[in-house]
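**Q** My questions all concern the structure below.
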Amino acid sequence: MALADRLPAKTRRRLAKTLVAAAATTPAGLLAFRFVTDDLGANPIAELMNRLGYWTLVLLMASLVATPLRLFTGWNWPLAVRRLVGLFAFFYGTLHVLCYLVLDQFFDWAAIWEDIWKRPFITAGAVAYLLLVPLAVTSTNKMVKRLGSKRWKRLHRLSYVAAASGVIHFLWRVKADTFEPLIFGAILTGLLAVRFFAWWRDRIRAAAPG
Amino acid sequence: MKRELLLGKTIPDSAATPEALYWRRRDFLRAGAVAGVGLSFGFPGPARAAAEKDYAKLPNVKTSKYTAREELTPWKDVTGYNNFYEFGTGKDDPARHAHSLKTRPWTIKVEGQVKKPTTLDIDKLLKSLPLEQRVYRLRCVEAWSMVIPWVGFPLAALIRQLEPTGNAKYVAFETLHDPEQMPGQGRGVLDWPYVEGLRMDEAMHPLALMAVGVYGRVLPNQNGAPLRLVVPWKYGFKGIKSIVKIRFLEKQPPTSWNLSAPQEYGFYANVNPDVSHPRWSQARERRIGEFLKRKTLPFNGYDKEVAALYKGLDLRKHF
């Protein structure tokens, strides 16, 4: 965008973050509006949970797009917004889990405990969410300094595992229509494949003389 | 949780899917290696449930003694929240897409162990059997439930008319197979056509109903027009819709969900809170319109009427 190029980098980043935050909040806002105006159909709790889960996965995928984008286009700005996107993924994941605990099960802890251990898709979901917690906690600049960039990077590779666990959670949940979960699976595989090939290429280049 | 609208009655279409967001979503998805598939999978627009007044009232419907004394599920939910994969796998897909189904003319082939195999015309059939209203609980295997005022005739009455032979131990049903009218059949989510079946004694049970209407009116397409089965003590998927074939058999017939996932869906599919689906519990259910979940009842609350059919049967093994 020509306009954006004329702004200083700091302003550009702030603008990008504001736009991303606005975009990322919109689905939640719309869902809240539809929930309150009884526009989520006959089974609003189920619909709300499904939509929140969907957006959690979308934002997780979006957070993993930054590095592949940079590898293909050289753009750096996606990395500037990546943390924000990741935190929004955690936000939607938290809403999804809260919806399950409060609206769906209404604090029936016995049923919830049974679900987590006996229903594999919920186990996968619990794993996915729990993996996001340390990532959210260590998302601040202070934490990056404390851990050191190498350790921080390694820890945040858990995002791949969380995303994969989330896709499996979705795949194991659906009755017969595996289309959407498989699309997410394909996207995730693609994103991870790009990283893998970049890593492999770097190894070959490092090994080859000249 | 009250279901009143807080901010007004309807939401205009302009609020449903802001176009800018729709395209941004596609950008996200294009980030992957998959080509855009052009399907809406994120923001369903408001489902267009059937307008009650658009459906003709059925004449001479008697009330029957089979009337659950519970709050009815509203028409818009009964006709707007459906599992009818022939029109798409979303709950609002049948309401949106079932208009392509032509319910007249409609015939039902009768084959197998019958004295006279024949082809029934739906209108002639409706004239020959008196209609009654039955308010039944419907319990979906997905653990939600409704209370629905069906209009129809007992399956037993139809079967007596058809005169099955002594070899007929089972009744099998088949749905229309026509991907042009039922676009969801273009996807292999289930093997088409949808098939279901009952043991003869289950089919002859007074509770088994052939429904042609709901709320005193002609059945909307998304509910399985023009003729569907309702077996209230079993999970809803036994209620095969848009029936075109009835066969009387000696052996137990295949049933679609059992073919799809035999460890998850059985032939009997009796509602049973003690036997959980492999992936979720069946102990509780969400009654549509209610906030807290309810306890699921054995045989969906019809155990007094039907438990005798299953005396001695291991309901855990024969789920």
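If you're wondering about the labels, chains in the structure tokens are A, B, ... by order shown, residues count from 1 in each chain, ligands from 1 in order shown.
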I'd like the contact shell of segment 105-117 of chain B - 10 Å cut-off, only C-alpha atoms, skipping same-chain residues fewer than 2 positions apart - returned as a ChimeraX atom specification.

**A** /B:102-103,119-125,159,162-176,225-227,242-250

**Q** What would the file look like if the residues just selected were written as a PDB file, in the first residue's frame with C-alpha atoms?

**A**
ATOM      1  CA  LYS B 102     -40.411 -32.361  -5.656  1.00  0.00           C
ATOM      2  CA  THR B 103     -42.893 -34.104  -3.402  1.00  0.00           C
ATOM      3  CA  THR B 119     -46.578 -49.180  -6.076  1.00  0.00           C
ATOM      4  CA  LEU B 120     -48.459 -46.807  -3.810  1.00  0.00           C
ATOM      5  CA  ASP B 121     -49.431 -43.281  -4.746  1.00  0.00           C
ATOM      6  CA  ILE B 122     -48.996 -40.951  -1.784  1.00  0.00           C
ATOM      7  CA  ASP B 123     -52.276 -39.105  -2.303  1.00  0.00           C
ATOM      8  CA  LYS B 124     -54.282 -42.315  -2.614  1.00  0.00           C
ATOM      9  CA  LEU B 125     -52.527 -43.570   0.495  1.00  0.00           C
ATOM     10  CA  ILE B 159     -48.443 -52.761   7.035  1.00  0.00           C
ATOM     11  CA  LEU B 162     -49.887 -54.388   2.514  1.00  0.00           C
ATOM     12  CA  GLU B 163     -50.320 -57.950   3.806  1.00  0.00           C
ATOM     13  CA  PRO B 164     -46.774 -59.202   4.405  1.00  0.00           C
ATOM     14  CA  THR B 165     -46.244 -62.960   4.365  1.00  0.00           C
ATOM     15  CA  GLY B 166     -45.215 -65.067   7.325  1.00  0.00           C
ATOM     16  CA  ASN B 167     -41.597 -64.857   6.203  1.00  0.00           C
ATOM     17  CA  ALA B 168     -41.474 -61.134   6.763  1.00  0.00           C
ATOM     18  CA  LYS B 169     -39.354 -60.667   9.887  1.00  0.00           C
ATOM     19  CA  TYR B 170     -38.105 -57.157   9.095  1.00  0.00           C
ATOM     20  CA  VAL B 171     -39.260 -54.040   7.279  1.00  0.00           C
ATOM     21  CA  ALA B 172     -36.746 -52.011   5.315  1.00  0.00           C
ATOM     22  CA  PHE B 173     -37.150 -48.449   4.056  1.00  0.00           C
ATOM     23  CA  GLU B 174     -35.341 -46.459   1.422  1.00  0.00           C
ATOM     24  CA  THR B 175     -35.089 -42.719   0.708  1.00  0.00           C
ATOM     25  CA  LEU B 176     -35.207 -41.130  -2.725  1.00  0.00           C
ATOM     26  CA  ALA B 225     -41.664 -34.773   3.072  1.00  0.00           C
ATOM     27  CA  PRO B 226     -43.861 -36.228   1.905  1.00  0.00           C
ATOM     28  CA  LEU B 227     -43.574 -39.345   4.073  1.00  0.00           C
ATOM     29  CA  SER B 242     -38.732 -38.999   2.055  1.00  0.00           C
ATOM     30  CA  ILE B 243     -39.494 -42.706   1.734  1.00  0.00           C
ATOM     31  CA  VAL B 244     -39.765 -44.223  -1.767  1.00  0.00           C
ATOM     32  CA  LYS B 245     -39.466 -47.916  -0.986  1.00  0.00           C
ATOM     33  CA  ILE B 246     -40.728 -50.363   1.619  1.00  0.00           C
ATOM     34  CA  ARG B 247     -39.445 -53.930   1.594  1.00  0.00           C
ATOM     35  CA  PHE B 248     -40.392 -56.858   3.769  1.00  0.00           C
ATOM     36  CA  LEU B 249     -37.467 -59.155   4.465  1.00  0.00           C
ATOM     37  CA  GLU B 250     -36.499 -62.325   6.235  1.00  0.00           C
TER      38      GLU B 250
END

**Q** Give the alpha helix (DSSP H) residues of segment 90-163 of chain A, as DSSP finds them on the backbone, and put them as a PyMOL selection string.

**A** chain A and resi 90-98+109-118+120-137+141-147+149-156+158-163

**Q** Kindly provide, as a list in words, the residues of chain A having any atom no farther than 6 Å from an atom of chain B, counting only C-alpha atoms.

**A**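 Output check: Thr37, Asp38, Ala42, Arg119, Asp177, Ile187 and Gly190 of chain A.
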
**Q** What is the distance, in Å and to one decimal place, between atom CA of His318 of chain B and atom CA of Leu198 of chain B?

**A** 13.4 Å

**Q** Which of segment 19-253 of chain B end up as strand (DSSP E or B) when DSSP is run on this backbone - answer as a ChimeraX atom specification?

**A** /B:57,61-67,107-112,114,118-121,131-139,144-154,164,170-175,195-199,209-214,217-218,228-230,234-235,243-249
